[in-house]
Structure formats: C-alpha cells, structure tokens
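Student: Pasting a structure here, questions to come.
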Amino acid sequence: MGDLELKNITIGYGNTPVIRDFSLTVENGQMASLLGPSGAGKTTVLRAVAGLLQPRSGAIIIDGRPANGLPPEKRNAVMVFQKTLLFPFMNVEQNIGFGLQMQGRSTGEIRRRVEKILELTELTGLNRRKIHELSGGQQQRVSLARALVLKPAILLLDEPLSSLDATLRQHMRELIQDIQAQTRITTLFVTHDQAEALMMSQRVCLLLNGRIRQVGSPRELFYRPADPDVARFFGGCNFFEGRLKNGVYYSQYATVAAPGLSANGDRLTATIRPEDIRICADGNRGITGRVQKTSFEGTTTRIWVQCQDRVFVVLAPVTDLQAGQSVRLHLPPDKIRIFAAEN
Amino acid sequence: MAAAGVGIAVLLPFVSLVMWSLSSRWFYPQLWPRQWGLRAWQYVFSTAGPQILAALGQSVLVAATTAAISVAIGIPAGRALGLYDFRGKDLVSVVLILPVIVPPLCVTMGLHLWFIIMGLAGSFFGVVLVHLTFCLPYAVFVMWGIFSNYNPSYEEQARSLGASAWKVLVRVILPLTFPGIMVAGLFSFLLSWSQYLSTLIIGGGKVTTLPILLFALMGSGDRPVAAAVSIVFVAPALLALLFSARYLGGKGIAGIR
C-alpha cells in the first residue's frame, strides 16, 4: 500500500524524448489508468516506475520515498507485462512463489501465501500444472497472482488483457476490479482501450503524443473532454463551429446558453456525443437532414445524417430509417460541450 | 528403411572395430579373422591398463575443462551477439569462424612458437588453451542461436519481482538456456576429446591424452590392440551423447521462445 507520485518526468531513447514533463499522482489504494493510443509512451512510463529504465529528469516517489536511483528489485513496485512471461521451467506454484523466494521467505509462508492468492485469482487446484498446460486466461491470472502475492505498494499492469478474447477479457476486468477492491493495492493500469479505462479505474490519465492531455474521473473525461482530441479519443465524432455572443453560443445547428465562457465573438468548436442526438418524429423541432447510410451495431444503430454542410453521426437504439430518407435532428443544448478557444 | 540405412552406416565401422579387437590372426586377403581371441582386451585391461587409465583420465580432464570454459565464455558472448546490434558484429563472426575454417595444423603450428615463448607448451593449460581455439567458436555459435530466440523481458520480469542481477542469472537465464548450454558443452567436450594434432604439438608428448596413446599403439602395427583402445576411446563420447541426446532436438529449446 502506498501512493505514487511522478513529478515532471522526461524520458527519452537516444535524442528524442518519448515522454515530456509528465506529472501524475495516484493516491493510496486507487486504481488509475494510463490511457492512450499505441506508441503514446504509456509503457515507457510504467517501465520508469518499475525501474527498468531511468528517466532523464524528474522524480519518481513511491510510498513517500524517492525511487529514482533504486534498481527494480529494491522498488516496492511490481510490473505485470503484456506478455505473461511465466517461467516455462517452473510450475504454477513455483512461478507464483518466485518473488517470495527472492525475498527469502520460509517454505511454509510461501506455501500459505501462494494458496491464498490461488484462491483469490480463481486458480485453486492448479498448483502443479505446467505453464504450457494452462489456457491463455489462466496464464494471465498466474502472471497477475505472481505480482499480487508480493503485496507491493504499487502494482503496474501493462495491458495485461490485450491478448484475451472479448468474453474472457470482460471476466478478467471484473476479476481485477474485485481483487483490487479487496487488496486495496495502488494500481497503475496501462491500456489503449477507452472502455476498459473508464470501467476499471477511479482516475484516468489520457496520454497523447507523450504528453498528458487530461487527467480526471472517467465521467469527467467522457462528458467534459478538455479538447477535441480528447473527445475524439472517446469516440466523439460530431464537431461543429459557432460564435459566442453575450454568454450565448450560436451555431447553425444549435443555440446554447454558455454562462461560463466570457470571450465574445470568438469562433469556438463544440461537440455532441452521437448517442445524445435525438431523431425527432414531429416536423417542427431541430434541424433537417437526409440519411446517408446506416450501420447495424447490435444494441444500437449508427446513422450518418447530412445536415447542411456537415454530417452528423447518430447512435440510436432501434431504427428503421433508410438511406435517402429525410429526418429531423435535435441537439439537446445541455448535451453540447463547447471547448474554450483553441490555441 | 531410412532408419535401417542410417543404423547400418553408423554401426558398420564399429562392427569391424569389434572384430579387429577380438581377432588374434587376421591377414590380408582373408575376409574373416582366421583365429579369434581376447589377447587385445587382455592387453588393454592388464598390461597397458594403468597407462590407458591415466590417458583416459587426462582426456576427461582436458575435455571437461575445455567444455566448461567454452560454455562460460559462450553464454555472455552468445547473449551479446544474439540480443544486441553493435558495430563490428560481422567482424566478430568472421574472426570466430576463422579457426574452424583454417586447417588446424596451420593454427597449431602458428601458435606453437608463442606458446613456447609464454611457457605454455607442454603444459595442461596450454593444451586446454589450444583446444579452446577450436571449441569456443562452436559454443559461441550455439549460444548465439539460443539467444536469437530469447526474450530478455523474462529478465526484466524477474527483476521486477525482486530478483537481483545474480539471482536473475542463476534462476532465470541459465534455466531458460539450459538446453543450449548442454548442446554447447557437449560439442566442446567431444571436439576436445578427439583432438590429436593440437595436443601432440602443444602438449609435446607431456600431456598424454587418449588419442596420443592410440596413435602410438597404431604406429606399432598391433591392429587388434589399436582397435580395442579405439573402442575404449569412443565409449565415453557415445555415453555423453546418449546422456544429452534429449537436448539436441528442438523440443528442449522450444520452451524459451
């Protein structure tokens, strides 16, 4: 148990910095996720915390103690890699007990703690199994158990679920959440999957091109994205422009009262989530458009609607709309997010 | 069919060796020994027994030392060559293979002078050193191959789980590359075991390994005795091969990928 503090971290390979001026605090017992597209530098941050590479500048503070110079084995932070990396010459029990053995624990204590963690990770009875006899999901759980059994101050998870199929991944997400809630181990979780980040963590840190773009609760990032890039990353696809005048935002698609924004006459970008747009039956409200195409996605249908010079994407539960049909769209003002002036 | 063919090809020389060692009279146009007898084996076990035993011990000592040093150098060298790209990597591989390509006589003759100057000629360590010039390249090449298919993240995982650098070597790197280490060790052992020319020149008759003794016996013209000693000579090598045969296939190596 402990908190993790990263202060102004810069990390680079060769001459090009991969991570620039990165600061993040994960509080004791919290589950935070580092979210970003592949190549954003998420794993690099994790490796720096684990001690597998040295940042060029900045401070890493684990559980109140600076960890910059410490080798990986002396840090109270354990990393679980994307690949399970289970030692093929050891069985399940030996793999999980490896870290405890390195700490010089007694055989009895190791057996007791391994047994307990096997139960927690739903692996009871697989003690003597060889690694290649395990399924992908089981291997992933052994890999997780091997780190959890050490009760580290910080648990670092590097996309541990990316190799699993959808059903198994969902199950593992719930399992990790449950375990984290029980053990209260401070966890930093790396993922490129926005749904995974939103579901699993109390705090999300979005990393784009080596820089933090927004840190906050899942709801904040989802409903109040800091800029269009953040909105785009969370599946936002409807952007339009308008002007601010006396605290009211005017655009050709909607008029929104915007008391928080003071700038006058500025062109500002706004967005609305595709599921927030309403398709109206009556002919008075909203803006007119023509259905371009539709795409059935199971629980919802994605509809592209051409309205004046812009195409709006709408997610609606059920629809029998056909391409070419005329519709009216209503953009509820309270669902429209206006971004402050872009630089 | 194929297995039978391979079997015959492997066993045929041994059949004639065994026949030679058990014959007491066998002259030229005869296809079969005229008289059988155990004279050669009696000679090997009683008359020349202590001499052969001493040579056997010397051979084991030289080959085992050579193999141990080969592996000890082959692991870090193979790791560097397999995992990292660095300037001069091609040059290293050429230099490594050089003693294998150049006829051993040239290498040994060339080294002899320097070994005399350094006081290594005629010594046990000098013989081991000259054997290493032939064995080390094989050990390095085997370990190079092993480390080309090796995932160094295992080491990082172990470090993160609390293993020190030394523990990572003993508990992770060595077990992961164990099949390769066995193969490299076996190659080096067998290559050193069968060295004659280099042992003769550098050892100068003072380091009497089994091949040195064998050639002396063959020179004396006593074919049955030479055949019996030859069998004594191949037996340990065959044993070593049988013992480590399971590491030679791909199965043992596959696990580390």
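Scheme for the structure tokens: letters A, B, ... for chains in order shown; per-chain residue numbers from 1; ligand numbers from 1 in order shown.
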Counting only C-alpha atoms, which residues of chain B sit at most 6 Å from some atom of chain A, and what is each one's closest atom pair with its distance in Å to one decimal, listed by chain and rising residue number, as JSON lines?

Tutor:
{"residue": "B:Tyr154", "atom": "CA", "partner": "A:Leu85", "partner_atom": "CA", "distance": 5.8}
{"residue": "B:Arg159", "atom": "CA", "partner": "A:Glu73", "partner_atom": "CA", "distance": 5.2}
{"residue": "B:Ser160", "atom": "CA", "partner": "A:Pro72", "partner_atom": "CA", "distance": 5.2}
{"residue": "B:Leu161", "atom": "CA", "partner": "A:Gly99", "partner_atom": "CA", "distance": 5.0}
{"residue": "B:Gly162", "atom": "CA", "partner": "A:Glu73", "partner_atom": "CA", "distance": 3.9}
{"residue": "B:Ala163", "atom": "CA", "partner": "A:Met102", "partner_atom": "CA", "distance": 5.6}

Student: So that I have them on file, write out the residues from the current selection with N, CA and C atoms, as a PDB file, in the first residue's frame.

Tutor:
ATOM      1  N   TYR B 154      11.925 -11.689 -19.870  1.00  0.00           N
ATOM      2  CA  TYR B 154      11.891 -12.597 -18.712  1.00  0.00           C
ATOM      3  C   TYR B 154      12.783 -12.063 -17.595  1.00  0.00           C
ATOM      4  N   ARG B 159      13.481  -9.246 -12.402  1.00  0.00           N
ATOM      5  CA  ARG B 159      13.993  -8.110 -11.635  1.00  0.00           C
ATOM      6  C   ARG B 159      12.844  -7.416 -10.907  1.00  0.00           C
ATOM      7  N   SER B 160      11.751  -7.212 -11.646  1.00  0.00           N
ATOM      8  CA  SER B 160      10.612  -6.514 -11.060  1.00  0.00           C
ATOM      9  C   SER B 160       9.999  -7.315  -9.912  1.00  0.00           C
ATOM     10  N   LEU B 161      10.130  -8.648  -9.977  1.00  0.00           N
ATOM     11  CA  LEU B 161       9.602  -9.491  -8.901  1.00  0.00           C
ATOM     12  C   LEU B 161      10.579  -9.585  -7.730  1.00  0.00           C
ATOM     13  N   GLY B 162      11.704  -8.881  -7.848  1.00  0.00           N
ATOM     14  CA  GLY B 162      12.590  -8.796  -6.694  1.00  0.00           C
ATOM     15  C   GLY B 162      13.884  -9.578  -6.790  1.00  0.00           C
ATOM     16  N   ALA B 163      14.225 -10.070  -7.988  1.00  0.00           N
ATOM     17  CA  ALA B 163      15.461 -10.842  -8.121  1.00  0.00           C
ATOM     18  C   ALA B 163      16.626  -9.911  -8.432  1.00  0.00           C
TER      19      ALA B 163
END

Student: If you count only C-alpha atoms, which residues fall within 10 Å of Ile212 in chain B, apart from same-chain ones fewer than 4 positions away, as a PyMOL selection string?

Tutor: chain B and resi 55+59+194-197+199-200+203+205+207-208+216-217

Student: Skip range 70-78 of chain B itself and residues of its chain fewer than 3 positions away, then list as number ranges by chain all residues within 10 Å of it, counting only C-alpha atoms.

Tutor: B: 64-67, 81-84, 131-148, 173-174, 177, 180-189

Student: Selected residues, C-alpha atoms, written as a PDB file, in the first residue's frame, please.

Tutor:
ATOM      1  CA  ALA B  64      35.828 -31.207 -19.288  1.00  0.00           C
ATOM      2  CA  THR B  65      37.943 -28.122 -18.557  1.00  0.00           C
ATOM      3  CA  THR B  66      37.741 -27.040 -22.194  1.00  0.00           C
ATOM      4  CA  ALA B  67      33.971 -27.544 -22.282  1.00  0.00           C
ATOM      5  CA  LEU B  81      25.638 -11.368 -30.240  1.00  0.00           C
ATOM      6  CA  GLY B  82      22.057 -12.649 -30.100  1.00  0.00           C
ATOM      7  CA  LEU B  83      20.405  -9.708 -28.349  1.00  0.00           C
ATOM      8  CA  TYR B  84      22.275  -6.592 -29.376  1.00  0.00           C
ATOM      9  CA  HIS B 131      41.621 -26.848 -27.724  1.00  0.00           C
ATOM     10  CA  LEU B 132      39.616 -23.738 -26.883  1.00  0.00           C
ATOM     11  CA  THR B 133      40.566 -22.137 -30.209  1.00  0.00           C
ATOM     12  CA  PHE B 134      38.608 -24.926 -31.909  1.00  0.00           C
ATOM     13  CA  CYS B 135      35.835 -25.467 -29.335  1.00  0.00           C
ATOM     14  CA  LEU B 136      34.964 -21.900 -28.381  1.00  0.00           C
ATOM     15  CA  PRO B 137      33.578 -20.918 -31.818  1.00  0.00           C
ATOM     16  CA  TYR B 138      31.066 -23.775 -31.672  1.00  0.00           C
ATOM     17  CA  ALA B 139      29.991 -22.891 -28.162  1.00  0.00           C
ATOM     18  CA  VAL B 140      29.562 -19.219 -29.091  1.00  0.00           C
ATOM     19  CA  PHE B 141      27.629 -20.060 -32.262  1.00  0.00           C
ATOM     20  CA  VAL B 142      25.272 -22.406 -30.394  1.00  0.00           C
ATOM     21  CA  MET B 143      24.612 -19.815 -27.671  1.00  0.00           C
ATOM     22  CA  TRP B 144      24.235 -17.081 -30.312  1.00  0.00           C
ATOM     23  CA  GLY B 145      21.441 -19.120 -31.877  1.00  0.00           C
ATOM     24  CA  ILE B 146      19.825 -19.720 -28.499  1.00  0.00           C
ATOM     25  CA  PHE B 147      19.857 -16.030 -27.589  1.00  0.00           C
ATOM     26  CA  SER B 148      18.485 -15.020 -31.001  1.00  0.00           C
ATOM     27  CA  ILE B 173      18.905 -17.068 -17.674  1.00  0.00           C
ATOM     28  CA  LEU B 174      20.618 -20.411 -17.015  1.00  0.00           C
ATOM     29  CA  THR B 177      19.048 -21.509 -21.936  1.00  0.00           C
ATOM     30  CA  GLY B 180      21.604 -24.743 -25.420  1.00  0.00           C
ATOM     31  CA  ILE B 181      24.192 -24.904 -22.667  1.00  0.00           C
ATOM     32  CA  MET B 182      24.044 -28.703 -22.773  1.00  0.00           C
ATOM     33  CA  VAL B 183      24.498 -28.740 -26.562  1.00  0.00           C
ATOM     34  CA  ALA B 184      27.359 -26.211 -26.463  1.00  0.00           C
ATOM     35  CA  GLY B 185      29.044 -28.147 -23.658  1.00  0.00           C
ATOM     36  CA  LEU B 186      28.648 -31.449 -25.473  1.00  0.00           C
ATOM     37  CA  PHE B 187      30.054 -30.076 -28.731  1.00  0.00           C
ATOM     38  CA  SER B 188      33.059 -28.609 -26.944  1.00  0.00           C
ATOM     39  CA  PHE B 189      33.643 -31.778 -24.936  1.00  0.00           C
TER      40      PHE B 189
END

Student: DSSP on the backbone: which residues in range 147-234 of chain A end up as alpha helix (DSSP H)? Give the answer as a PDB file with N, CA and C atoms, in the first residue's frame.

Tutor:
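New file states13.pdb:
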ATOM      1  N   ALA A 147       2.465 -11.333  -9.135  1.00  0.00           N
ATOM      2  CA  ALA A 147       2.755  -9.980  -8.641  1.00  0.00           C
ATOM      3  C   ALA A 147       1.984  -9.688  -7.355  1.00  0.00           C
ATOM      4  N   LEU A 148       0.692 -10.099  -7.322  1.00  0.00           N
ATOM      5  CA  LEU A 148      -0.172  -9.788  -6.180  1.00  0.00           C
ATOM      6  C   LEU A 148       0.331 -10.410  -4.882  1.00  0.00           C
ATOM      7  N   ALA A 166     -12.869 -11.376 -26.210  1.00  0.00           N
ATOM      8  CA  ALA A 166     -13.767 -10.389 -25.605  1.00  0.00           C
ATOM      9  C   ALA A 166     -14.437 -10.880 -24.318  1.00  0.00           C
ATOM     10  N   THR A 167     -14.968 -12.092 -24.322  1.00  0.00           N
ATOM     11  CA  THR A 167     -15.681 -12.599 -23.146  1.00  0.00           C
ATOM     12  C   THR A 167     -14.737 -12.744 -21.961  1.00  0.00           C
ATOM     13  N   LEU A 168     -13.595 -13.353 -22.253  1.00  0.00           N
ATOM     14  CA  LEU A 168     -12.605 -13.598 -21.213  1.00  0.00           C
ATOM     15  C   LEU A 168     -12.081 -12.273 -20.658  1.00  0.00           C
ATOM     16  N   ARG A 169     -11.915 -11.305 -21.546  1.00  0.00           N
ATOM     17  CA  ARG A 169     -11.390 -10.014 -21.139  1.00  0.00           C
ATOM     18  C   ARG A 169     -12.356  -9.354 -20.149  1.00  0.00           C
ATOM     19  N   GLN A 170     -13.642  -9.442 -20.462  1.00  0.00           N
ATOM     20  CA  GLN A 170     -14.652  -8.851 -19.586  1.00  0.00           C
ATOM     21  C   GLN A 170     -14.581  -9.504 -18.205  1.00  0.00           C
ATOM     22  N   HIS A 171     -14.455 -10.840 -18.200  1.00  0.00           N
ATOM     23  CA  HIS A 171     -14.385 -11.560 -16.933  1.00  0.00           C
ATOM     24  C   HIS A 171     -13.150 -11.136 -16.135  1.00  0.00           C
ATOM     25  N   MET A 172     -12.028 -11.011 -16.862  1.00  0.00           N
ATOM     26  CA  MET A 172     -10.775 -10.638 -16.198  1.00  0.00           C
ATOM     27  C   MET A 172     -10.827  -9.217 -15.648  1.00  0.00           C
ATOM     28  N   ARG A 173     -11.507  -8.329 -16.390  1.00  0.00           N
ATOM     29  CA  ARG A 173     -11.654  -6.948 -15.906  1.00  0.00           C
ATOM     30  C   ARG A 173     -12.366  -6.944 -14.561  1.00  0.00           C
ATOM     31  N   GLU A 174     -13.445  -7.704 -14.501  1.00  0.00           N
ATOM     32  CA  GLU A 174     -14.218  -7.750 -13.260  1.00  0.00           C
ATOM     33  C   GLU A 174     -13.376  -8.355 -12.144  1.00  0.00           C
ATOM     34  N   LEU A 175     -12.620  -9.408 -12.503  1.00  0.00           N
ATOM     35  CA  LEU A 175     -11.779 -10.085 -11.509  1.00  0.00           C
ATOM     36  C   LEU A 175     -10.727  -9.120 -10.956  1.00  0.00           C
ATOM     37  N   ILE A 176     -10.064  -8.403 -11.855  1.00  0.00           N
ATOM     38  CA  ILE A 176      -9.024  -7.457 -11.425  1.00  0.00           C
ATOM     39  C   ILE A 176      -9.643  -6.376 -10.541  1.00  0.00           C
ATOM     40  N   GLN A 177     -10.832  -5.899 -10.936  1.00  0.00           N
ATOM     41  CA  GLN A 177     -11.524  -4.886 -10.130  1.00  0.00           C
ATOM     42  C   GLN A 177     -11.817  -5.409  -8.733  1.00  0.00           C
ATOM     43  N   ASP A 178     -12.345  -6.633  -8.684  1.00  0.00           N
ATOM     44  CA  ASP A 178     -12.689  -7.233  -7.393  1.00  0.00           C
ATOM     45  C   ASP A 178     -11.455  -7.373  -6.523  1.00  0.00           C
ATOM     46  N   ILE A 179     -10.389  -7.908  -7.136  1.00  0.00           N
ATOM     47  CA  ILE A 179      -9.159  -8.135  -6.377  1.00  0.00           C
ATOM     48  C   ILE A 179      -8.600  -6.807  -5.876  1.00  0.00           C
ATOM     49  N   GLN A 180      -8.647  -5.806  -6.750  1.00  0.00           N
ATOM     50  CA  GLN A 180      -8.113  -4.502  -6.367  1.00  0.00           C
ATOM     51  C   GLN A 180      -8.937  -3.917  -5.215  1.00  0.00           C
ATOM     52  N   ALA A 181     -10.258  -4.087  -5.292  1.00  0.00           N
ATOM     53  CA  ALA A 181     -11.122  -3.574  -4.232  1.00  0.00           C
ATOM     54  C   ALA A 181     -10.825  -4.292  -2.914  1.00  0.00           C
ATOM     55  N   GLN A 182     -10.519  -5.593  -2.995  1.00  0.00           N
ATOM     56  CA  GLN A 182     -10.240  -6.364  -1.778  1.00  0.00           C
ATOM     57  C   GLN A 182      -8.876  -6.036  -1.202  1.00  0.00           C
ATOM     58  N   THR A 183      -7.847  -6.015  -2.083  1.00  0.00           N
ATOM     59  CA  THR A 183      -6.479  -5.865  -1.591  1.00  0.00           C
ATOM     60  C   THR A 183      -6.110  -4.409  -1.375  1.00  0.00           C
ATOM     61  N   GLN A 194     -10.419   2.549 -24.405  1.00  0.00           N
ATOM     62  CA  GLN A 194     -11.058   3.575 -23.592  1.00  0.00           C
ATOM     63  C   GLN A 194     -12.146   2.994 -22.681  1.00  0.00           C
ATOM     64  N   ALA A 195     -12.865   1.984 -23.191  1.00  0.00           N
ATOM     65  CA  ALA A 195     -13.924   1.382 -22.375  1.00  0.00           C
ATOM     66  C   ALA A 195     -13.319   0.732 -21.135  1.00  0.00           C
ATOM     67  N   GLU A 196     -12.173   0.066 -21.332  1.00  0.00           N
ATOM     68  CA  GLU A 196     -11.506  -0.606 -20.233  1.00  0.00           C
ATOM     69  C   GLU A 196     -11.069   0.415 -19.177  1.00  0.00           C
ATOM     70  N   ALA A 197     -10.500   1.525 -19.647  1.00  0.00           N
ATOM     71  CA  ALA A 197     -10.036   2.567 -18.727  1.00  0.00           C
ATOM     72  C   ALA A 197     -11.202   3.148 -17.942  1.00  0.00           C
ATOM     73  N   LEU A 198     -12.313   3.426 -18.640  1.00  0.00           N
ATOM     74  CA  LEU A 198     -13.459   4.037 -17.981  1.00  0.00           C
ATOM     75  C   LEU A 198     -14.062   3.098 -16.956  1.00  0.00           C
ATOM     76  N   MET A 199     -14.113   1.813 -17.311  1.00  0.00           N
ATOM     77  CA  MET A 199     -14.768   0.847 -16.447  1.00  0.00           C
ATOM     78  C   MET A 199     -13.930   0.527 -15.213  1.00  0.00           C
ATOM     79  N   MET A 200     -12.611   0.425 -15.412  1.00  0.00           N
ATOM     80  CA  MET A 200     -11.802  -0.146 -14.345  1.00  0.00           C
ATOM     81  C   MET A 200     -11.205   0.838 -13.375  1.00  0.00           C
ATOM     82  N   PRO A 218     -13.375   9.063 -14.736  1.00  0.00           N
ATOM     83  CA  PRO A 218     -13.877   8.582 -16.031  1.00  0.00           C
ATOM     84  C   PRO A 218     -15.010   9.461 -16.579  1.00  0.00           C
ATOM     85  N   ARG A 219     -15.920   9.881 -15.703  1.00  0.00           N
ATOM     86  CA  ARG A 219     -17.040  10.703 -16.161  1.00  0.00           C
ATOM     87  C   ARG A 219     -16.565  12.057 -16.706  1.00  0.00           C
ATOM     88  N   GLU A 220     -15.597  12.630 -16.021  1.00  0.00           N
ATOM     89  CA  GLU A 220     -15.078  13.922 -16.477  1.00  0.00           C
ATOM     90  C   GLU A 220     -14.521  13.821 -17.886  1.00  0.00           C
ATOM     91  N   LEU A 221     -13.689  12.803 -18.111  1.00  0.00           N
ATOM     92  CA  LEU A 221     -13.068  12.682 -19.424  1.00  0.00           C
ATOM     93  C   LEU A 221     -14.099  12.373 -20.500  1.00  0.00           C
ATOM     94  N   PHE A 222     -15.102  11.596 -20.114  1.00  0.00           N
ATOM     95  CA  PHE A 222     -16.092  11.179 -21.099  1.00  0.00           C
ATOM     96  C   PHE A 222     -17.051  12.323 -21.427  1.00  0.00           C
ATOM     97  N   TYR A 223     -17.554  13.005 -20.405  1.00  0.00           N
ATOM     98  CA  TYR A 223     -18.571  14.044 -20.635  1.00  0.00           C
ATOM     99  C   TYR A 223     -18.001  15.444 -20.742  1.00  0.00           C
ATOM    100  N   PRO A 228     -10.900  18.893 -28.366  1.00  0.00           N
ATOM    101  CA  PRO A 228     -11.480  17.989 -29.378  1.00  0.00           C
ATOM    102  C   PRO A 228     -10.725  16.665 -29.506  1.00  0.00           C
ATOM    103  N   ASP A 229      -9.388  16.673 -29.307  1.00  0.00           N
ATOM    104  CA  ASP A 229      -8.626  15.422 -29.416  1.00  0.00           C
ATOM    105  C   ASP A 229      -9.071  14.408 -28.368  1.00  0.00           C
ATOM    106  N   VAL A 230      -9.294  14.907 -27.144  1.00  0.00           N
ATOM    107  CA  VAL A 230      -9.750  14.018 -26.075  1.00  0.00           C
ATOM    108  C   VAL A 230     -11.122  13.467 -26.429  1.00  0.00           C
ATOM    109  N   ALA A 231     -12.000  14.349 -26.903  1.00  0.00           N
ATOM    110  CA  ALA A 231     -13.351  13.924 -27.288  1.00  0.00           C
ATOM    111  C   ALA A 231     -13.282  12.870 -28.383  1.00  0.00           C
ATOM    112  N   ARG A 232     -12.407  13.115 -29.360  1.00  0.00           N
ATOM    113  CA  ARG A 232     -12.245  12.174 -30.470  1.00  0.00           C
ATOM    114  C   ARG A 232     -11.784  10.814 -29.966  1.00  0.00           C
ATOM    115  N   PHE A 233     -10.880  10.837 -28.979  1.00  0.00           N
ATOM    116  CA  PHE A 233     -10.365   9.571 -28.468  1.00  0.00           C
ATOM    117  C   PHE A 233     -11.465   8.740 -27.807  1.00  0.00           C
TER     118      PHE A 233
END

Student: Using only C-alpha atoms, which of B:Val62, B:Ile52, B:Leu120, B:Leu113 sits nearest Ala226 in chain B?

Tutor: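 Among the listed residues, the smallest separation from Ala226 in chain B belongs to B:Ile52.
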